[in-house]
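Let me begin by presenting the structure, written as structure tokens, before commenting on it.
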Amino acid sequence: GFGNSVYLKLRLDGINTAEIRGSEKEEGFKDMAFVENLIKVGDTVIIQSFTDGGFGRWAATVWYKNPEAWDTWTNLNWYLVDQGIAEEV
């Protein structure tokens, strides 16, 4: 119902970003901070989720309201590619 929340770990569909473990850890945390600065806790997002067919993980496309035009939804996955933070796969 309305007002519910769920905590899930999701992969962003169609892109690769730096990992927050291993040799990419520093870059991964920097990228995570970028997203956390862009989308704040409590912001409304749309998540289109599905299993990615491997290892039972969930993949998602995330849409958020553009802070410069609040009537416009932006695809986070492709925005990260455009900003050079992620690579398309």
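In the structure tokens, the first chain shown is A, the next is B, and so on; residue numbers restart at 1 for each chain, and ligands run from 1 in the order shown.
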
Item to complete: Please run DSSP on the backbone and report, as a ChimeraX atom specification, all residues within chain A that come out as strand (DSSP E).
Response: /A:11-12,15-16,45-51,58-65,73-75,87-88

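If you count only C-alpha atoms and ignore residues fewer than 4 places along the chain from region 24-38 of chain A, what sits within 12 Å of it is Leu12, Asn16, Thr17, Ala18, Glu19, Ile20, Gly42, Asp43, Thr44, Val45, Val62, Trp63, Tyr64, Lys65, Asn66, Pro67, Glu68, Thr74, Leu76, Asn77, Tyr79, Leu80, Val81, Gln83, Gly84, Ile85 and Ala86 of chain A.
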
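Residues within 10 Å of region 56-59 of chain A, counting only C-alpha atoms and excluding same-chain residues fewer than 4 positions away, are Leu8, Lys9, Leu10, Arg11, Leu12, Asp13, Gly14, Ile47, Gln48, Ser49, Phe50, Thr51 and Asp52 of chain A.
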
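The set of residues in chain A assigned to helix (DSSP H, G or I) by DSSP, using only backbone atoms of this structure, is Gly22, Ser23, Glu24, Lys25, Glu26, Glu27, Gly28, Phe29, Lys30, Asp31, Met32, Ala33, Phe34, Val35, Glu36, Asn37, Leu38, Leu76, Asn77, Trp78, Tyr79, Leu80, Val81 and Asp82 of chain A.
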
Worksheet item: What is the CA of Gly22 (chain A)-CA of Ile39 (chain A) distance in Å, reported with one decimal?
Response: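 Interatomic distance, CA of Gly22 (chain A) to CA of Ile39 (chain A): 25.3 Å.
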
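Using only C-alpha atoms, the shortest contact distance between Ala60 (chain A) and any of A:Val6, A:Thr72, A:Arg21, A:Ile46 is found at A:Ile46.
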
Discussion item. Please compute the CA of Glu87 (chain A)-CA of Ile15 (chain A) distance, one decimal, in Å.
Written reply: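 Taking CA of Glu87 (chain A) and CA of Ile15 (chain A), their separation equals 5.4 Å.
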